[in-house]
file start_12.txt (compact mmCIF, C-alpha atoms)
# COMPACT_ATOMS: atom_id res chain seq x y z
CA MET P 354 0.00 0.00 0.00
CA THR P 355 1.24 3.44 -0.84
CA SER P 356 1.28 6.51 1.34
CA SER P 357 1.22 8.84 -1.67
CA ASN P 358 -1.40 11.49 -2.19
CA LEU P 359 -2.79 13.29 -5.21
CA ASN P 360 0.01 15.87 -5.07
CA SER P 361 2.56 13.20 -5.90
CA ILE P 362 0.77 12.20 -9.13
CA THR P 363 1.81 13.69 -12.47
CA TRP P 364 -1.06 13.85 -14.97
CA TYR P 365 -0.84 14.24 -18.74
CA TRP P 366 -2.71 13.58 -21.98
CA LYS P 367 -1.22 11.91 -25.05
CA ALA P 368 -2.45 10.76 -28.42
CA TRP P 369 -1.67 7.17 -29.41
CA SER P 370 1.05 8.27 -31.84
CA GLU P 371 2.85 10.08 -29.00
CA LEU P 372 2.99 7.14 -26.61
CA THR P 373 6.27 5.43 -25.85
CA VAL P 374 6.62 1.67 -25.70
CA ASP P 375 6.94 1.91 -21.90
CA GLU P 376 3.72 3.95 -21.62
CA VAL P 377 1.77 1.53 -23.80
CA THR P 378 3.11 -1.44 -21.85
CA ALA P 379 2.23 0.15 -18.50
CA MET P 380 -1.25 1.10 -19.75
CA PHE P 381 -2.06 -2.39 -21.01
CA LYS P 382 -0.61 -3.96 -17.84
CA LEU P 383 -2.75 -1.79 -15.56
CA ARG P 384 -5.87 -2.43 -17.63
CA GLN P 385 -5.11 -6.18 -17.62
CA ASP P 386 -4.51 -6.18 -13.86
CA VAL P 387 -7.79 -4.39 -13.16
CA PHE P 388 -10.24 -5.66 -15.77
CA ILE P 389 -8.99 -9.16 -16.52
CA VAL P 390 -7.25 -10.35 -13.34
CA GLU P 391 -8.97 -8.49 -10.47
CA GLN P 392 -12.44 -8.58 -12.00
CA ASP P 393 -11.91 -12.10 -13.35
CA CYS P 394 -13.22 -10.98 -16.71
CA PRO P 395 -11.44 -12.41 -19.74
CA PHE P 396 -12.08 -10.06 -22.66
CA HIS P 397 -10.19 -8.54 -25.57
CA ASP P 398 -8.79 -5.32 -24.09
CA ILE P 399 -6.71 -4.66 -27.19
CA ASP P 400 -9.68 -3.84 -29.41
CA GLY P 401 -8.11 -1.75 -32.16
CA LYS P 402 -9.61 1.49 -30.85
CA ASP P 403 -6.78 2.89 -28.73
CA ASP P 404 -5.23 4.59 -31.74
CA GLN P 405 -8.44 6.66 -32.14
CA ALA P 406 -8.39 7.92 -28.54
CA LEU P 407 -6.61 10.41 -26.35
CA HIS P 408 -5.09 8.79 -23.28
CA LEU P 409 -4.86 10.29 -19.81
CA PHE P 410 -2.13 9.00 -17.53
CA GLY P 411 -1.51 9.57 -13.83
CA TRP P 412 1.98 8.56 -12.71
CA ASP P 413 3.45 8.43 -9.23
CA GLY P 414 7.13 8.12 -10.04
CA ASP P 415 7.39 5.02 -12.20
CA ILE P 416 4.00 3.61 -11.14
CA LEU P 417 1.04 4.12 -13.45
CA VAL P 418 -1.65 5.01 -10.94
CA ALA P 419 -4.62 5.60 -13.25
CA THR P 420 -5.55 5.79 -16.91
CA LEU P 421 -8.50 6.29 -19.22
CA ARG P 422 -9.12 6.78 -22.90
CA LEU P 423 -11.24 9.54 -24.37
CA PHE P 424 -13.02 9.54 -27.71
CA GLU P 425 -14.12 12.91 -29.03
CA ASN P 426 -16.67 11.34 -31.43
CA TYR P 427 -17.35 7.73 -30.53
CA LYS P 428 -19.33 6.08 -33.35
CA PRO P 429 -20.98 3.36 -31.19
CA TYR P 430 -22.49 6.19 -29.09
CA GLN P 431 -23.88 8.26 -31.99
CA ASN P 432 -20.64 10.27 -32.22
CA GLN P 433 -20.88 11.58 -28.68
CA ALA P 434 -17.74 12.00 -26.60
CA SER P 435 -16.93 9.01 -24.43
CA LEU P 436 -14.61 8.05 -21.60
CA GLY P 437 -13.60 4.43 -21.34
CA ARG P 438 -11.14 1.91 -19.94
CA ILE P 439 -11.25 3.97 -16.73
CA CYS P 440 -9.10 2.25 -14.15
CA SER P 441 -6.83 2.88 -11.20
CA HIS P 442 -4.11 0.87 -9.50
CA LYS P 443 -5.49 -1.11 -6.56
CA ASP P 444 -3.00 0.47 -4.13
CA TYR P 445 -4.24 3.97 -5.02
CA ARG P 446 -7.99 3.50 -4.85
CA SER P 447 -8.37 5.14 -1.44
CA THR P 448 -6.34 8.20 -2.43
CA GLY P 449 -8.89 9.87 -4.72
CA ALA P 450 -6.83 9.09 -7.82
CA GLY P 451 -9.81 7.53 -9.61
CA ARG P 452 -12.01 10.53 -8.84
CA GLU P 453 -9.27 12.86 -10.08
CA LEU P 454 -8.90 10.76 -13.24
CA VAL P 455 -12.58 11.09 -14.13
CA ARG P 456 -12.65 14.76 -13.10
CA ARG P 457 -9.84 15.46 -15.55
CA GLY P 458 -11.58 13.51 -18.31
CA VAL P 459 -14.83 15.43 -17.83
CA GLU P 460 -12.90 18.72 -17.60
CA TYR P 461 -11.16 18.00 -20.93
CA ILE P 462 -14.52 17.44 -22.61
CA ASP P 463 -15.98 20.59 -21.02
CA GLN P 464 -13.02 22.70 -22.17
CA HIS P 465 -12.35 21.26 -25.64
CA LEU P 466 -15.79 19.96 -26.63
CA PRO P 467 -18.16 22.32 -24.79
CA ASN P 468 -21.19 21.49 -26.93
CA GLN P 469 -20.61 17.75 -26.93
CA SER P 470 -22.63 15.36 -24.80
CA THR P 471 -20.83 12.38 -23.29
CA GLN P 472 -21.91 8.77 -23.02
CA ILE P 473 -20.21 5.98 -21.11
CA GLY P 474 -20.82 2.30 -20.54
CA ALA P 475 -20.40 2.11 -16.76
CA GLN P 476 -20.18 -0.86 -14.48
CA GLN P 477 -23.49 -0.67 -12.64
CA TYR P 478 -21.98 -0.74 -9.16
CA LEU P 479 -20.22 2.57 -9.98
CA GLN P 480 -23.46 4.38 -10.87
CA ARG P 481 -23.36 6.79 -7.90
CA PHE P 482 -19.70 7.57 -8.55
CA TYR P 483 -20.47 8.64 -12.13
CA GLU P 484 -23.63 10.47 -11.06
CA SER P 485 -21.39 12.70 -8.93
CA PHE P 486 -19.91 13.97 -12.25
CA GLY P 487 -23.33 14.72 -13.76
CA PHE P 488 -23.94 11.44 -15.57
CA VAL P 489 -27.45 9.97 -15.57
CA GLN P 490 -28.51 6.40 -16.27
CA CYS P 491 -29.85 5.92 -19.81
CA SER P 492 -30.41 2.19 -20.09
CA GLU P 493 -31.55 -0.84 -18.25
CA PRO P 494 -28.68 -2.93 -16.87
CA TYR P 495 -27.05 -5.18 -19.43
CA ASP P 496 -24.41 -7.87 -19.26
CA GLU P 497 -21.03 -7.09 -20.77
CA ASP P 498 -18.43 -9.80 -20.35
CA GLY P 499 -20.17 -11.14 -17.25
CA ILE P 500 -20.44 -7.76 -15.46
CA GLN P 501 -23.61 -5.68 -15.18
CA HIS P 502 -23.27 -2.34 -17.00
CA ILE P 503 -25.50 0.65 -17.71
CA LEU P 504 -25.27 3.38 -20.29
CA MET P 505 -24.90 6.81 -18.72
CA GLN P 506 -25.01 10.22 -20.34
CA ARG P 507 -23.91 13.72 -19.40
CA LYS P 508 -25.00 17.08 -20.85
CA ALA P 509 -27.91 15.66 -22.82
CA HIS P 510 -31.22 14.01 -22.21
CA CYS P 511 -31.21 10.26 -22.53
CA ALA P 512 -32.63 8.95 -25.74
CA ALA P 513 -35.94 7.22 -25.23

call {"tool": "encode", "arguments": {"input": "start_12.txt", "output": "structure tokens"}}
result
Amino acid sequence: MTSSNLNSITWYWKAWSELTVDEVTAMFKLRQDVFIVEQDCPFHDIDGKDDQALHLFGWDGDILVATLRLFENYKPYQNQASLGRICSHKDYRSTGAGRELVRRGVEYIDQHLPNQSTQIGAQQYLQRFYESFGFVQCSEPYDEDGIQHILMQRKAHCAA
């Protein structure tokens, strides 16, 4: 367990083409550790979409603490903005790093895409967490890779 706080985390955005081999490796390792190992959910994380996204990284020294990917116009969500692959290192979950990660993702959309609504596919148990950022539930729960998810939207009314 770490004793670090949010002040020790360095945050930055990068496009796929700007990522180093070490950054890509750390990103895929963290996503694998969280989604595949911890959540016992075998799925194809490498889905061919990372090169279309901006990536937010939070580093504490040489430890990747948190990451997400952001799509400015995500086709599966009617070209709305979308945040996805949102995850944080298990040793940093009580530090607020995950909340800061999502805050920065939402802030990017608000600053660079002010007229864009945002849709996410959220794990249902995190509904209240995402509601604290202005997201509202827009679907009935559905199974994705053995985990209950819901569609959530921000800055727009849910489609009926």

call {"tool": "closest_residue", "arguments": {"input": "start_12.txt", "among": "P:Asp496, P:Glu371, P:Glu460, P:Glu376", "to": "Trp412 in chain P", "atoms": "all atoms listed in the file"}}
result
P:Glu376

call {"tool": "residues_near_point", "arguments": {"input": "start_12.txt", "point": "(-5.7, 12.8, -14.9)", "cutoff": "10 Å", "atoms": "only C-alpha atoms", "output": "MDAnalysis selection string"}}
result
chainID P and resid 362:366 408:412 418:421 450:461

call {"tool": "closest_residue", "arguments": {"input": "start_12.txt", "among": "P:Gln464, P:Gln392, P:Ser485, P:Ser361", "to": "Gly499 in chain P", "atoms": "only C-alpha atoms"}}
result
P:Gln392

call {"tool": "closest_residue", "arguments": {"input": "start_12.txt", "among": "P:Leu504, P:Asn468, P:Tyr495, P:Ser370", "to": "Tyr483 in chain P", "atoms": "only C-alpha atoms"}}
result
P:Leu504

call {"tool": "residues_near_point", "arguments": {"input": "start_12.txt", "point": "(-21.8, 6.7, -26.1)", "cutoff": "12 Å", "atoms": "only C-alpha atoms", "output": "ChimeraX atom specification"}}
result
/P:423-437,469-475,488,490-492,503-507,509,511-512

call {"tool": "residues_around", "arguments": {"input": "start_12.txt", "residues": "Gln405 in chain P", "least_positions_apart": "2", "cutoff": "8 Å", "atoms": "only C-alpha atoms", "output": "count of residues only"}}
result
5

call {"tool": "atom_distance", "arguments": {"input": "start_12.txt", "atom1": "CA of Val390 in chain P", "atom2": "CA of Ile416 in chain P"}}
result
18.1 Å

call {"tool": "atom_distance", "arguments": {"input": "start_12.txt", "atom1": "CA of Leu372 in chain P", "atom2": "CA of Ile389 in chain P"}}
result
22.6 Å

call {"tool": "atom_distance", "arguments": {"input": "start_12.txt", "atom1": "CA of Gln477 in chain P", "atom2": "CA of Asp413 in chain P"}}
result
28.6 Å

call {"tool": "residues_around", "arguments": {"input": "start_12.txt", "residues": "Phe396 in chain P", "least_positions_apart": "3", "cutoff": "12 Å", "atoms": "all atoms listed in the file", "output": "ChimeraX atom specification"}}
result
/P:384-385,387-390,392-393,399-400,497-500

call {"tool": "closest_residue", "arguments": {"input": "start_12.txt", "among": "P:Phe486, P:Tyr478, P:Tyr445, P:Phe381", "to": "His502 in chain P", "atoms": "all atoms listed in the file"}}
result
P:Tyr478

call {"tool": "closest_residue", "arguments": {"input": "start_12.txt", "among": "P:Ser441, P:Gln476, P:Gln501, P:Asn360", "to": "Asp386 in chain P", "atoms": "all atoms listed in the file"}}
result
P:Ser441

call {"tool": "axis_aligned_box", "arguments": {"input": "start_12.txt", "around": "range 436-454 of chain P", "padding_each_side": "3 Å", "output": "lines of an AutoDock Vina configuration file"}}
result
center_x = -8.8
center_y = 5.9
center_z = -11.5
size_x = 17.6
size_y = 20.0
size_z = 26.2

call {"tool": "build_atoms", "arguments": {"input": "start_12.txt", "residues": "range 369-380 of chain P", "atoms": "N, CA and C atoms", "output": "compact mmCIF listing (two decimals), in the frame of the given file"}}
result
# COMPACT_ATOMS: atom_id res chain seq x y z
N TRP P 369 -2.30 8.47 -29.21
CA TRP P 369 -1.67 7.17 -29.41
C TRP P 369 -0.30 7.30 -30.06
N SER P 370 -0.20 8.13 -31.09
CA SER P 370 1.05 8.27 -31.84
C SER P 370 2.17 8.86 -31.01
N GLU P 371 1.85 9.47 -29.88
CA GLU P 371 2.85 10.08 -29.00
C GLU P 371 3.34 9.15 -27.89
N LEU P 372 2.66 8.03 -27.72
CA LEU P 372 2.99 7.14 -26.61
C LEU P 372 4.30 6.39 -26.86
N THR P 373 5.05 6.24 -25.78
CA THR P 373 6.27 5.43 -25.85
C THR P 373 5.91 3.97 -25.63
N VAL P 374 6.83 3.10 -25.95
CA VAL P 374 6.62 1.67 -25.70
C VAL P 374 6.37 1.42 -24.22
N ASP P 375 7.12 2.10 -23.35
CA ASP P 375 6.94 1.91 -21.90
C ASP P 375 5.56 2.37 -21.44
N GLU P 376 5.05 3.47 -22.00
CA GLU P 376 3.72 3.95 -21.62
C GLU P 376 2.64 2.98 -22.08
N VAL P 377 2.76 2.49 -23.29
CA VAL P 377 1.77 1.53 -23.80
C VAL P 377 1.80 0.25 -22.96
N THR P 378 2.98 -0.23 -22.66
CA THR P 378 3.11 -1.44 -21.85
C THR P 378 2.49 -1.25 -20.48
N ALA P 379 2.78 -0.12 -19.83
CA ALA P 379 2.23 0.15 -18.50
C ALA P 379 0.70 0.28 -18.56
N MET P 380 0.20 0.93 -19.60
CA MET P 380 -1.25 1.10 -19.75
C MET P 380 -1.94 -0.26 -19.90
